[in-house]
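Raw contents of target09.txt, compact mmCIF, C-alpha atoms and all ligand atoms:
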# COMPACT_ATOMS: atom_id res chain seq x y z
CA MET A 1 27.63 -7.50 -1.01
CA LYS A 2 26.37 -6.20 2.37
CA GLN A 3 23.87 -8.35 4.17
CA LEU A 4 20.66 -6.94 5.63
CA ASN A 5 19.15 -9.22 8.23
CA ILE A 6 15.37 -9.15 8.11
CA GLY A 7 13.07 -9.89 11.04
CA LEU A 8 9.53 -10.31 9.69
CA ILE A 9 6.49 -10.07 11.98
CA GLY A 10 3.26 -11.68 10.72
CA TYR A 11 3.16 -14.52 8.23
CA GLY A 12 -0.18 -13.91 6.48
CA PHE A 13 -0.84 -12.38 3.06
CA MET A 14 1.77 -9.62 3.33
CA GLY A 15 4.28 -11.84 5.15
CA ARG A 16 4.28 -13.99 2.01
CA ALA A 17 4.33 -11.07 -0.45
CA HIS A 18 7.32 -9.44 1.29
CA SER A 19 9.22 -12.71 1.71
CA ASN A 20 8.86 -13.31 -2.00
CA GLY A 21 10.23 -9.81 -2.59
CA TYR A 22 13.29 -10.41 -0.38
CA ARG A 23 14.01 -13.78 -1.95
CA ARG A 24 13.85 -12.67 -5.56
CA VAL A 25 15.28 -9.18 -5.51
CA ASN A 26 18.97 -10.05 -5.96
CA ASN A 27 18.17 -12.44 -8.80
CA PHE A 28 16.94 -9.54 -10.90
CA PHE A 29 18.47 -6.32 -9.53
CA ASP A 30 22.17 -5.52 -9.11
CA LEU A 31 22.36 -4.07 -5.62
CA GLN A 32 24.93 -3.49 -2.91
CA TYR A 33 22.68 -5.09 -0.29
CA GLN A 34 21.25 -8.57 0.03
CA PRO A 35 18.29 -9.27 2.34
CA VAL A 36 18.85 -12.29 4.57
CA LEU A 37 15.74 -14.00 5.91
CA LYS A 38 17.01 -14.14 9.49
CA ALA A 39 13.84 -14.63 11.53
CA ALA A 40 10.08 -14.85 11.13
CA CYS A 41 7.83 -14.04 14.05
CA GLY A 42 4.24 -15.06 14.80
CA ARG A 43 2.31 -16.02 17.89
CA ASN A 44 1.70 -19.65 16.94
CA ALA A 45 5.01 -21.56 17.24
CA GLU A 46 4.02 -24.41 14.96
CA GLN A 47 2.60 -22.21 12.24
CA VAL A 48 5.51 -19.78 12.25
CA LYS A 49 7.96 -22.71 11.98
CA ALA A 50 6.03 -24.08 9.00
CA PHE A 51 6.11 -20.62 7.38
CA ALA A 52 9.84 -20.22 8.10
CA SER A 53 10.64 -23.56 6.56
CA LYS A 54 8.55 -22.87 3.46
CA TRP A 55 10.13 -19.45 2.82
CA GLY A 56 13.67 -20.13 4.05
CA TYR A 57 13.85 -18.13 7.29
CA GLU A 58 16.77 -19.20 9.48
CA SER A 59 14.91 -18.97 12.80
CA THR A 60 11.58 -18.12 14.43
CA GLU A 61 10.24 -16.13 17.36
CA THR A 62 6.80 -16.09 18.96
CA ASP A 63 7.13 -12.70 20.67
CA TRP A 64 7.94 -9.66 18.52
CA ARG A 65 9.66 -7.99 21.49
CA LYS A 66 12.25 -10.79 21.53
CA LEU A 67 12.78 -10.36 17.80
CA ILE A 68 13.42 -6.64 18.23
CA GLU A 69 15.91 -7.31 21.05
CA ARG A 70 17.99 -9.60 18.83
CA LYS A 71 21.37 -8.16 17.88
CA ASP A 72 21.44 -10.11 14.61
CA ILE A 73 18.39 -8.30 13.17
CA ASP A 74 18.93 -5.10 11.13
CA ALA A 75 15.42 -4.42 9.85
CA ILE A 76 11.97 -5.11 11.26
CA ASP A 77 9.21 -5.76 8.75
CA ILE A 78 5.72 -5.17 10.20
CA CYS A 79 3.12 -7.36 8.46
CA THR A 80 0.56 -7.48 11.25
CA PRO A 81 -2.89 -5.88 11.65
CA ASN A 82 -3.09 -2.10 11.86
CA ASN A 83 -3.57 -1.83 15.64
CA THR A 84 -0.11 -3.37 16.21
CA HIS A 85 1.91 -1.11 13.88
CA LYS A 86 2.56 1.71 16.34
CA GLU A 87 3.72 -0.33 19.32
CA ILE A 88 6.04 -2.47 17.20
CA ALA A 89 7.43 0.52 15.29
CA LEU A 90 8.14 2.55 18.43
CA ALA A 91 9.98 -0.39 20.01
CA ALA A 92 11.91 -1.11 16.82
CA ALA A 93 12.96 2.54 16.43
CA LYS A 94 14.08 2.63 20.06
CA ALA A 95 16.23 -0.42 19.39
CA GLY A 96 17.77 1.34 16.38
CA LYS A 97 16.29 -1.04 13.78
CA MET A 98 15.31 -0.03 10.28
CA ILE A 99 11.56 -0.39 9.79
CA LEU A 100 9.49 -1.47 6.81
CA CYS A 101 5.86 -1.11 7.88
CA GLU A 102 2.72 -2.25 6.12
CA LYS A 103 0.04 0.28 5.25
CA PRO A 104 -1.91 2.04 6.60
CA LEU A 105 0.92 3.47 8.69
CA SER A 106 -1.30 3.69 11.77
CA MET A 107 -4.83 3.68 13.15
CA ASN A 108 -5.01 7.50 12.86
CA THR A 109 -2.92 10.63 12.30
CA ALA A 110 -2.02 11.14 15.97
CA GLU A 111 -0.55 7.62 16.20
CA GLY A 112 1.20 8.08 12.88
CA ALA A 113 2.77 11.35 14.05
CA GLU A 114 4.27 9.51 17.05
CA MET A 115 5.71 6.91 14.70
CA VAL A 116 7.22 9.57 12.43
CA LYS A 117 8.79 11.28 15.43
CA ALA A 118 10.23 7.98 16.68
CA VAL A 119 11.91 6.99 13.41
CA GLU A 120 13.18 10.50 12.74
CA GLN A 121 14.64 10.86 16.25
CA ALA A 122 16.24 7.42 16.01
CA LYS A 123 17.42 8.26 12.45
CA VAL A 124 16.49 4.80 11.22
CA PRO A 125 15.63 4.17 7.56
CA ASN A 126 11.90 3.63 7.24
CA MET A 127 9.35 2.90 4.54
CA VAL A 128 5.66 2.04 4.19
CA TRP A 129 4.53 -0.65 1.74
CA TYR A 130 2.28 1.35 -0.58
CA ASN A 131 3.31 -1.06 -3.29
CA TYR A 132 1.08 0.20 -6.12
CA ARG A 133 3.59 3.01 -6.74
CA ARG A 134 5.88 0.25 -8.03
CA VAL A 135 3.58 -1.26 -10.62
CA PRO A 136 5.49 -0.21 -13.77
CA ALA A 137 2.38 1.24 -15.46
CA VAL A 138 1.69 3.40 -12.39
CA THR A 139 5.34 4.48 -12.23
CA LEU A 140 5.07 5.38 -15.92
CA ALA A 141 2.02 7.53 -15.12
CA LYS A 142 4.16 9.40 -12.58
CA LYS A 143 6.88 9.95 -15.18
CA LEU A 144 4.41 11.27 -17.78
CA ILE A 145 2.85 13.67 -15.26
CA GLU A 146 6.29 14.92 -14.16
CA GLU A 147 7.22 15.51 -17.79
CA GLY A 148 4.16 17.77 -18.03
CA LYS A 149 2.40 15.62 -20.64
CA LEU A 150 -0.99 16.15 -19.02
CA GLY A 151 -0.59 19.90 -18.44
CA ARG A 152 -2.88 21.32 -15.79
CA ILE A 153 -4.77 18.54 -14.03
CA PHE A 154 -8.54 18.97 -13.62
CA HIS A 155 -9.82 15.64 -12.32
CA TYR A 156 -8.49 12.66 -10.36
CA ARG A 157 -10.94 9.84 -9.80
CA ALA A 158 -10.22 6.52 -8.17
CA LYS A 159 -12.15 3.45 -7.11
CA PHE A 160 -11.29 0.34 -5.10
CA LEU A 161 -14.12 -2.19 -5.26
CA GLN A 162 -14.54 -5.57 -3.58
CA ASP A 163 -17.48 -7.82 -2.70
CA TRP A 164 -16.31 -10.23 0.02
CA THR A 165 -18.26 -8.98 3.06
CA ILE A 166 -21.79 -9.00 1.64
CA SER A 167 -22.95 -12.03 3.67
CA PRO A 168 -24.45 -11.05 7.06
CA ASP A 169 -23.25 -14.45 8.36
CA LEU A 170 -19.60 -13.44 8.06
CA PRO A 171 -18.27 -12.87 11.59
CA GLN A 172 -15.94 -10.02 12.57
CA GLY A 173 -12.59 -10.12 14.37
CA GLY A 174 -9.91 -12.72 15.00
CA THR A 175 -7.00 -13.88 12.86
CA ALA A 176 -8.74 -14.11 9.50
CA LEU A 177 -11.32 -11.34 9.86
CA TRP A 178 -9.55 -8.59 11.80
CA ARG A 179 -10.35 -6.19 8.92
CA LEU A 180 -14.02 -6.16 10.00
CA ASP A 181 -13.16 -5.35 13.61
CA VAL A 182 -12.70 -1.62 14.13
CA ALA A 183 -10.49 -2.21 17.18
CA ALA A 184 -7.93 -4.03 15.01
CA ALA A 185 -8.37 -2.20 11.70
CA GLY A 186 -9.09 1.38 12.81
CA SER A 187 -11.57 1.81 9.94
CA GLY A 188 -13.05 -0.21 7.11
CA VAL A 189 -12.55 0.47 3.43
CA THR A 190 -11.14 3.93 4.15
CA GLY A 191 -7.92 2.76 5.83
CA ASP A 192 -7.77 -0.56 4.01
CA LEU A 193 -8.52 0.31 0.38
CA LEU A 194 -8.88 4.06 -0.06
CA ALA A 195 -5.53 4.49 1.70
CA HIS A 196 -3.93 2.90 -1.39
CA CYS A 197 -5.86 5.19 -3.75
CA ILE A 198 -4.96 8.23 -1.63
CA ASP A 199 -1.26 7.35 -1.48
CA THR A 200 -1.09 6.93 -5.26
CA ALA A 201 -3.02 10.17 -5.74
CA ILE A 202 -0.76 12.20 -3.45
CA TRP A 203 2.25 10.79 -5.26
CA LEU A 204 0.85 11.59 -8.72
CA ASN A 205 -1.09 14.78 -8.05
CA GLY A 206 0.06 16.27 -4.74
CA ASP A 207 -1.66 16.81 -1.41
CA PHE A 208 -5.39 17.05 -0.76
CA ALA A 209 -6.79 20.32 0.59
CA ASP A 210 -10.29 19.28 1.73
CA VAL A 211 -12.76 16.42 1.47
CA SER A 212 -16.46 15.77 1.82
CA ALA A 213 -17.44 12.16 2.47
CA ILE A 214 -20.23 9.70 3.10
CA THR A 215 -19.74 6.26 4.59
CA GLU A 216 -22.15 3.39 5.17
CA THR A 217 -22.10 0.25 7.30
CA PHE A 218 -24.58 -2.01 5.57
CA ILE A 219 -24.46 -4.87 8.08
CA LYS A 220 -24.78 -3.26 11.50
CA GLU A 221 -24.05 -6.26 13.74
CA ARG A 222 -21.92 -9.37 13.33
CA LYS A 223 -20.82 -12.17 15.60
CA HIS A 224 -17.38 -11.37 17.02
CA ASN A 225 -14.88 -14.21 16.70
CA LEU A 226 -13.04 -13.29 19.90
CA THR A 227 -16.03 -12.81 22.24
CA GLY A 228 -18.53 -15.15 20.55
CA LYS A 229 -21.19 -12.42 20.97
CA VAL A 230 -23.10 -10.49 18.32
CA GLU A 231 -21.57 -7.01 18.41
CA LYS A 232 -21.97 -3.67 16.65
CA VAL A 233 -19.89 -3.31 13.49
CA GLY A 234 -17.69 -0.21 13.81
CA ILE A 235 -16.07 -0.14 10.37
CA ASP A 236 -17.18 1.63 7.21
CA ASP A 237 -18.31 -0.92 4.60
CA ALA A 238 -18.36 1.70 1.86
CA CYS A 239 -17.03 5.21 1.49
CA SER A 240 -17.35 7.85 -1.21
CA PHE A 241 -15.69 11.21 -1.09
CA ILE A 242 -15.11 14.25 -3.19
CA GLY A 243 -12.63 17.01 -2.52
CA HIS A 244 -9.98 19.39 -3.76
CA PHE A 245 -6.31 18.81 -4.27
CA GLU A 246 -4.00 21.68 -3.40
CA ASN A 247 -3.29 22.15 -7.13
CA GLY A 248 -6.98 22.99 -7.63
CA SER A 249 -8.01 19.72 -9.27
CA LEU A 250 -11.08 17.82 -8.09
CA ALA A 251 -11.02 14.44 -6.34
CA ASN A 252 -13.72 11.80 -6.72
CA PHE A 253 -13.02 8.56 -4.81
CA GLU A 254 -15.09 5.48 -3.98
CA SER A 255 -14.46 2.25 -2.18
CA THR A 256 -16.75 -0.56 -1.07
CA ARG A 257 -16.74 -4.23 -0.13
CA TYR A 258 -20.32 -4.51 -1.47
CA ALA A 259 -19.76 -4.19 -5.24
CA ARG A 260 -20.97 -7.65 -6.28
CA GLY A 261 -18.69 -9.10 -8.92
CA HIS A 262 -15.61 -7.09 -8.03
CA LYS A 263 -12.79 -8.78 -6.11
CA ALA A 264 -10.04 -6.16 -6.05
CA LEU A 265 -10.76 -3.60 -8.73
CA TYR A 266 -8.48 -0.64 -8.14
CA THR A 267 -8.79 1.91 -10.94
CA PHE A 268 -7.84 5.53 -11.41
CA GLU A 269 -8.26 8.11 -14.16
CA ILE A 270 -6.61 11.49 -14.39
CA ASN A 271 -7.82 14.16 -16.80
CA GLY A 272 -5.47 16.97 -17.74
CA GLU A 273 -5.52 19.88 -20.12
CA HIS A 274 -3.62 18.01 -22.87
CA ALA A 275 -3.97 14.35 -22.01
CA SER A 276 -5.65 11.76 -19.80
CA ILE A 277 -4.37 8.63 -18.14
CA ALA A 278 -6.29 5.60 -16.87
CA TRP A 279 -5.11 2.47 -15.04
CA ASP A 280 -6.81 -0.69 -13.88
CA LEU A 281 -5.38 -3.25 -11.44
CA HIS A 282 -7.05 -6.10 -13.35
CA ASP A 283 -4.98 -5.18 -16.38
CA LEU A 284 -2.06 -3.81 -14.38
CA HIS A 285 0.59 -3.95 -17.11
CA ARG A 286 -1.33 -1.53 -19.32
CA LEU A 287 -1.60 2.25 -19.13
CA GLN A 288 -4.39 3.91 -21.10
CA TYR A 289 -3.33 7.26 -22.54
CA PHE A 290 -5.20 9.86 -24.56
CA GLU A 291 -3.21 12.70 -26.15
CA HIS A 292 -5.29 15.60 -27.44
CA ARG A 293 -2.30 17.05 -29.33
CA ASP A 294 -2.21 14.05 -31.68
CA GLU A 295 -3.25 14.69 -35.28
CA GLY A 296 -7.09 14.89 -35.19
CA GLN A 297 -7.87 11.92 -37.36
CA LEU A 298 -5.57 9.64 -35.31
CA ARG A 299 -6.69 10.88 -31.91
CA GLY A 300 -7.90 8.19 -29.56
CA TRP A 301 -7.14 6.24 -26.40
CA ARG A 302 -3.98 4.17 -26.71
CA SER A 303 -3.32 1.16 -24.60
CA ILE A 304 0.37 1.07 -23.71
CA HIS A 305 1.65 -2.40 -22.91
CA VAL A 306 4.17 -1.44 -20.23
CA SER A 307 6.66 -4.19 -20.93
CA ASP A 308 9.46 -2.59 -22.94
CA GLY A 309 13.03 -2.16 -21.73
CA ASP A 310 12.64 1.60 -21.41
CA HIS A 311 9.55 1.31 -19.22
CA PRO A 312 10.08 1.67 -15.45
CA TYR A 313 11.62 -1.44 -13.82
CA MET A 314 11.08 -3.59 -16.93
CA LYS A 315 14.71 -3.90 -18.05
CA HIS A 316 15.29 -6.02 -14.92
CA TRP A 317 12.82 -8.69 -16.03
CA TRP A 318 12.34 -10.68 -19.23
CA VAL A 319 12.39 -9.53 -22.83
CA PRO A 320 10.24 -6.70 -24.26
CA GLY A 321 6.61 -7.71 -24.61
CA LEU A 322 6.55 -10.08 -21.64
CA GLN A 323 4.60 -8.74 -18.73
CA ILE A 324 4.97 -9.06 -14.98
CA GLY A 325 2.37 -9.05 -12.19
CA TYR A 326 1.23 -8.04 -8.72
CA GLU A 327 4.00 -9.71 -6.72
CA HIS A 328 6.68 -7.84 -8.65
CA SER A 329 5.60 -4.54 -7.10
CA PHE A 330 6.93 -5.89 -3.79
CA VAL A 331 10.21 -6.99 -5.41
CA HIS A 332 10.53 -3.43 -6.76
CA GLN A 333 9.80 -1.95 -3.37
CA VAL A 334 12.54 -4.06 -1.76
CA ALA A 335 14.93 -3.09 -4.58
CA ASP A 336 14.19 0.61 -4.06
CA PHE A 337 14.62 0.33 -0.29
CA LEU A 338 18.01 -1.37 -0.71
CA GLU A 339 19.06 1.16 -3.34
CA GLY A 340 18.06 3.89 -0.88
CA LEU A 341 20.35 2.40 1.76
CA ALA A 342 23.24 2.30 -0.69
CA THR A 343 22.79 5.85 -1.99
CA GLY A 344 21.53 7.51 1.20
CA LYS A 345 18.48 8.75 -0.74
CA PRO A 346 15.55 7.16 1.08
CA ALA A 347 12.96 5.14 -0.80
CA HIS A 348 9.45 6.56 -0.63
CA PRO A 349 6.92 6.56 0.88
CA THR A 350 8.68 7.06 4.20
CA PHE A 351 6.67 7.17 7.44
CA ARG A 352 6.46 10.95 6.99
CA ASP A 353 5.05 10.59 3.45
CA ALA A 354 2.52 8.00 4.64
CA LEU A 355 1.35 10.36 7.39
CA HIS A 356 -0.19 12.54 4.64
CA THR A 357 -2.42 9.63 3.61
CA GLN A 358 -3.37 9.14 7.26
CA ALA A 359 -4.44 12.79 7.51
CA VAL A 360 -6.68 12.40 4.45
CA CYS A 361 -8.25 9.21 5.88
CA ASP A 362 -8.96 11.01 9.16
CA ALA A 363 -10.55 13.98 7.35
CA VAL A 364 -12.69 11.58 5.26
CA LEU A 365 -13.96 9.72 8.34
CA LYS A 366 -14.57 12.97 10.21
CA SER A 367 -16.49 14.45 7.29
CA ALA A 368 -18.69 11.35 7.08
CA GLN A 369 -19.49 11.81 10.77
CA THR A 370 -20.07 15.56 10.81
CA GLY A 371 -21.81 15.75 7.44
CA CYS A 372 -19.60 18.75 6.61
CA GLY A 373 -16.63 19.27 4.35
CA GLU A 374 -13.36 18.96 6.27
CA LYS A 375 -9.96 20.51 5.68
CA VAL A 376 -7.13 17.99 5.58
CA GLN A 377 -4.74 18.52 8.48
CA LYS A 378 -1.28 19.71 7.38
CA VAL A 379 1.26 17.20 8.60
N1 LIG B 1 0.32 -3.34 0.66
C1 LIG B 1 -0.79 -4.02 0.41
O1 LIG B 1 -1.28 -4.06 -0.70
C2 LIG B 1 -1.48 -4.76 1.53
C3 LIG B 1 -2.31 -5.84 1.24
C4 LIG B 1 -2.86 -6.55 2.31
C5 LIG B 1 -2.62 -6.15 3.62
N2 LIG B 1 -1.84 -5.06 3.86
C6 LIG B 1 -1.55 -4.64 5.25
O2 LIG B 1 -0.67 -5.60 5.83
C7 LIG B 1 -0.96 -5.80 7.21
C8 LIG B 1 -1.26 -7.29 7.42
O3 LIG B 1 -2.32 -7.67 6.57
P1 LIG B 1 -2.43 -9.15 5.97
O4 LIG B 1 -3.43 -9.09 4.86
O5 LIG B 1 -1.09 -9.72 5.71
O6 LIG B 1 -3.10 -9.87 7.23
P2 LIG B 1 -3.16 -11.40 7.56
O7 LIG B 1 -4.33 -11.55 8.47
O8 LIG B 1 -3.06 -12.22 6.33
O9 LIG B 1 -1.80 -11.62 8.40
C9 LIG B 1 -1.57 -10.97 9.61
C10 LIG B 1 -0.52 -11.72 10.36
O10 LIG B 1 -0.23 -11.04 11.58
C11 LIG B 1 -0.19 -11.98 12.65
N3 LIG B 1 -0.38 -11.26 13.90
C12 LIG B 1 -1.49 -10.63 14.33
N4 LIG B 1 -1.25 -10.06 15.54
C13 LIG B 1 0.05 -10.35 15.86
C14 LIG B 1 0.89 -10.06 16.95
N5 LIG B 1 0.46 -9.34 17.99
N6 LIG B 1 2.18 -10.53 16.94
C15 LIG B 1 2.62 -11.24 15.90
N7 LIG B 1 1.87 -11.55 14.83
C16 LIG B 1 0.60 -11.11 14.82
C17 LIG B 1 -1.27 -12.98 12.26
O11 LIG B 1 -1.15 -14.18 12.97
C18 LIG B 1 -0.95 -13.13 10.76
O12 LIG B 1 0.15 -13.99 10.56
C19 LIG B 1 -2.16 -4.89 7.51
O13 LIG B 1 -1.69 -3.70 8.08
C20 LIG B 1 -2.77 -4.61 6.16
O14 LIG B 1 -3.46 -3.39 6.08
C21 LIG B 1 -1.26 -4.37 2.85
As structure tokens - that is how I would like this structure written.
Ligand SMILES: NC(=O)c1ccc[n+]([C@@H]2O[C@H](COP(=O)([O-])OP(=O)(O)OC[C@H]3O[C@@H](n4cnc5c(N)ncnc54)[C@H](O)[C@@H]3O)[C@@H](O)[C@H]2O)c1
Amino acid sequence: MKQLNIGLIGYGFMGRAHSNGYRRVNNFFDLQYQPVLKAACGRNAEQVKAFASKWGYESTETDWRKLIERKDIDAIDICTPNNTHKEIALAAAKAGKMILCEKPLSMNTAEGAEMVKAVEQAKVPNMVWYNYRRVPAVTLAKKLIEEGKLGRIFHYRAKFLQDWTISPDLPQGGTALWRLDVAAAGSGVTGDLLAHCIDTAIWLNGDFADVSAITETFIKERKHNLTGKVEKVGIDDACSFIGHFENGSLANFESTRYARGHKALYTFEINGEHASIAWDLHDLHRLQYFEHRDEGQLRGWRSIHVSDGDHPYMKHWWVPGLQIGYEHSFVHQVADFLEGLATGKPAHPTFRDALHTQAVCDAVLKSAQTGCGEKVQKV
């Protein structure tokens, strides 16, 4: 088995999710490559050492530039806030490292385009962690659409709802709350949550043509953790947009961090000529399916428990009927990346794929500002 030495930057939520993926993948998938947890990198020496010891990393670094310079690292995994992705990716590509970058790819399309150019010029394998593509029920939706089960698609609607920023006393910025700081995040729910919905939608239903959006920032000022001062909030707290896909279907998307009672409710529904599909992150192992061509008296929504051996990814896990969860989507993403290295057929989404999502996010934010519909830039 070939070893792939991983250098991971950032040991927060995604640092843990990816490390779990690297550690478990060879226990369940037969692959030619094995990830080796070579080094973890973070700015706080003590904390990064504690993380490395918990997850089994062989060494630590406190400066990502040093990590990238190391000859014993094959792949750089970027698990840091959005404003750091570009600089790290450009340096990693220049050093000839493979790159696995967290989403959103970049702060905006222009930055993303630079990153695409860098990895393509350096010819380094690259991937962005839009992990929801690898939830088996979502992968099954892709298969059903590709098989033509839905026929012509009319509607694609998606929501991503949370409620954790309702308190006006919540500060912005700093290690734990960088998502509320526009300088670190680039945008609010659009780049953080809708980016997931948009990536899944592009994958299932093709590119967007145009969008028309509204955004709102409900709490206008918050104390900034880095300056200690009360400062303007620059992120969108909520965003709704409608639009057209290039295949002529209509888009209806909503995301907010002000939907009291919802913690991470990602849902989508697709309505086609013959059938409809619905999925819900809170019940992620099920796919709801309605088939109009069923015999009339038996017609109705079926709830498919995506846990059988012939369902995507499931033969690698337990026995039919036993479900898996959120963290497995990252194991699948690692498996697909490693498979891509072995076969030479890259795992998706690549940086170039993820740039499409970036272009939609930019058009959404621009439309909310101009009050007009905006065409999505072709990238
Ligand atoms: N795929 C998903 O579902 C998903 C979920 C959550 C977050 N994300 C993305 O992952 C990235 C990280 O988010 P998170 O939730 O893990 O954040 P987090 O705040 O939990 O962790 C971020 C980590 O980056 C470190 N960091 C910040 N600046 C750094 C620097 N200059 N050098 C080294 N380390 C630095 C922090 O100390 C921390 O360890 C973001 O881009 C985010 O959008 C993706």
Given all atoms listed in the file, how would the per-residue table for range 66-104 of chain A near range 15-38 of chain A read, listing every residue at most 9 Å away with its closest atom pair and distance in Å to one decimal, sorted by chain and number, as CSV?
residue,atom,partner,partner_atom,distance
A:Asp72,CA,A:Lys38,CA,7.9
A:Ile73,CA,A:Lys38,CA,7.0
A:Asp77,CA,A:His18,CA,8.5
A:Ile78,CA,A:Gly15,CA,8.5
A:Cys79,CA,A:Gly15,CA,5.7
A:Thr80,CA,A:Gly15,CA,8.4
- Between A:Ala183, A:Leu170, A:Ala95, A:Leu193, which is the closest to ligand LIG 1 (chain B) once you count all atoms listed in the file? A:Leu193
- Task: Just the residues within 12 Å of Gly10 in chain A, please, counting only C-alpha atoms, with nothing from its chain fewer than 2 positions along; format it as a PyMOL selection string.
- Result: chain A and resi 7-8+12-19+39-45+47-48+51-52+60-64+67+76-82+84-85+88+101-102+175
- Task: Kindly give the distance, in Å, that separates CA of Val306 in chain A and CA of Arg293 in chain A, rounded to a single decimal.
- Result: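 Answer for the CA of Val306 in chain A to CA of Arg293 in chain A separation: 21.6 Å.
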- Task: Determine, counting all atoms listed in the file, which protein, DNA and RNA residues have an atom within 12 Å of an atom of range 110-114 of chain A; residues of the same chain fewer than 4 positions away are not included. Present the result as a PyMOL selection string.
- Result: chain A and resi 82-87+89-91+93+101+103-106+118-121+128+186+350-359+361-362+377-379
Filtering to C-alpha atoms, could you give me those residues as a tab-separated table (two decimals), in the coordinates of the input?
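As a result, again-v2.tsv now contains:
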chain	number	residue	atom	x	y	z
A	82	ASN	CA	-3.09	-2.10	11.86
A	83	ASN	CA	-3.57	-1.83	15.64
A	84	THR	CA	-0.11	-3.37	16.21
A	85	HIS	CA	1.91	-1.11	13.88
A	86	LYS	CA	2.56	1.71	16.34
A	87	GLU	CA	3.72	-0.33	19.32
A	89	ALA	CA	7.43	0.52	15.29
A	90	LEU	CA	8.14	2.55	18.43
A	91	ALA	CA	9.98	-0.39	20.01
A	93	ALA	CA	12.96	2.54	16.43
A	101	CYS	CA	5.86	-1.11	7.88
A	103	LYS	CA	0.04	0.28	5.25
A	104	PRO	CA	-1.91	2.04	6.60
A	105	LEU	CA	0.92	3.47	8.69
A	106	SER	CA	-1.30	3.69	11.77
A	118	ALA	CA	10.23	7.98	16.68
A	119	VAL	CA	11.91	6.99	13.41
A	120	GLU	CA	13.18	10.50	12.74
A	121	GLN	CA	14.64	10.86	16.25
A	128	VAL	CA	5.66	2.04	4.19
A	186	GLY	CA	-9.09	1.38	12.81
A	350	THR	CA	8.68	7.06	4.20
A	351	PHE	CA	6.67	7.17	7.44
A	352	ARG	CA	6.46	10.95	6.99
A	353	ASP	CA	5.05	10.59	3.45
A	354	ALA	CA	2.52	8.00	4.64
A	355	LEU	CA	1.35	10.36	7.39
A	356	HIS	CA	-0.19	12.54	4.64
A	357	THR	CA	-2.42	9.63	3.61
A	358	GLN	CA	-3.37	9.14	7.26
A	359	ALA	CA	-4.44	12.79	7.51
A	361	CYS	CA	-8.25	9.21	5.88
A	362	ASP	CA	-8.96	11.01	9.16
A	377	GLN	CA	-4.74	18.52	8.48
A	378	LYS	CA	-1.28	19.71	7.38
A	379	VAL	CA	1.26	17.20	8.60
- Atom-to-atom span, CA of Pro125 in chain A and CA of Met98 in chain A, Å: 5.0 Å
- Message: So that I can see what lies close to Gly261 in chain A, please list as number ranges by chain the residues with an atom at most 10 Å from it, counting all atoms listed in the file and leaving out residues fewer than 3 positions away in the same chain.
- Response: A: 161-164, 258, 264-265
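A cut-off of 10 Å from the point (-7.4, 8.3, -27.2), with all atoms listed in the file, picks out the residues Ala275, Ser276, Ile277, Gln288, Tyr289, Phe290, Glu291, His292, Asp294, Leu298, Arg299, Gly300, Trp301, Arg302 and Ser303 of chain A.
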- In Å to one decimal, how far is CA of Asp192 in chain A from CA of Ala335 in chain A?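 CA of Asp192 in chain A lies 24.4 Å from CA of Ala335 in chain A.
All protein and nucleic acid residues in the vicinity of (-13.2, 8.8, -8.6), that is within 8 Å when counting all atoms listed in the file, are Tyr156, Arg157, Ala158, Lys159, Ile242, Ala251, Asn252, Phe253, Glu254, Phe268 and Glu269 of chain A.
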- Given the choices A:Leu281, A:Val230, A:Ala238, A:Ala75, which gets closest to ligand LIG 1 (chain B) if the distance is worked out from all atoms listed in the file?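 Looking at the shortest contact to ligand LIG 1 (chain B), the residue is A:Leu281.
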- Message: Between A:Glu58, A:Glu46, A:Glu147, A:Glu69, which residue has the minimum interatomic distance to ligand LIG 1 (chain B), considering all atoms listed in the file?
- Response: A:Glu46
- Which residue gives the smallest distance to Thr200 in chain A among A:Thr165, A:Ser249, A:Thr267, A:Ser255, with all atoms listed in the file counted?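 So, comparing all the options, the nearest one is A:Thr267.
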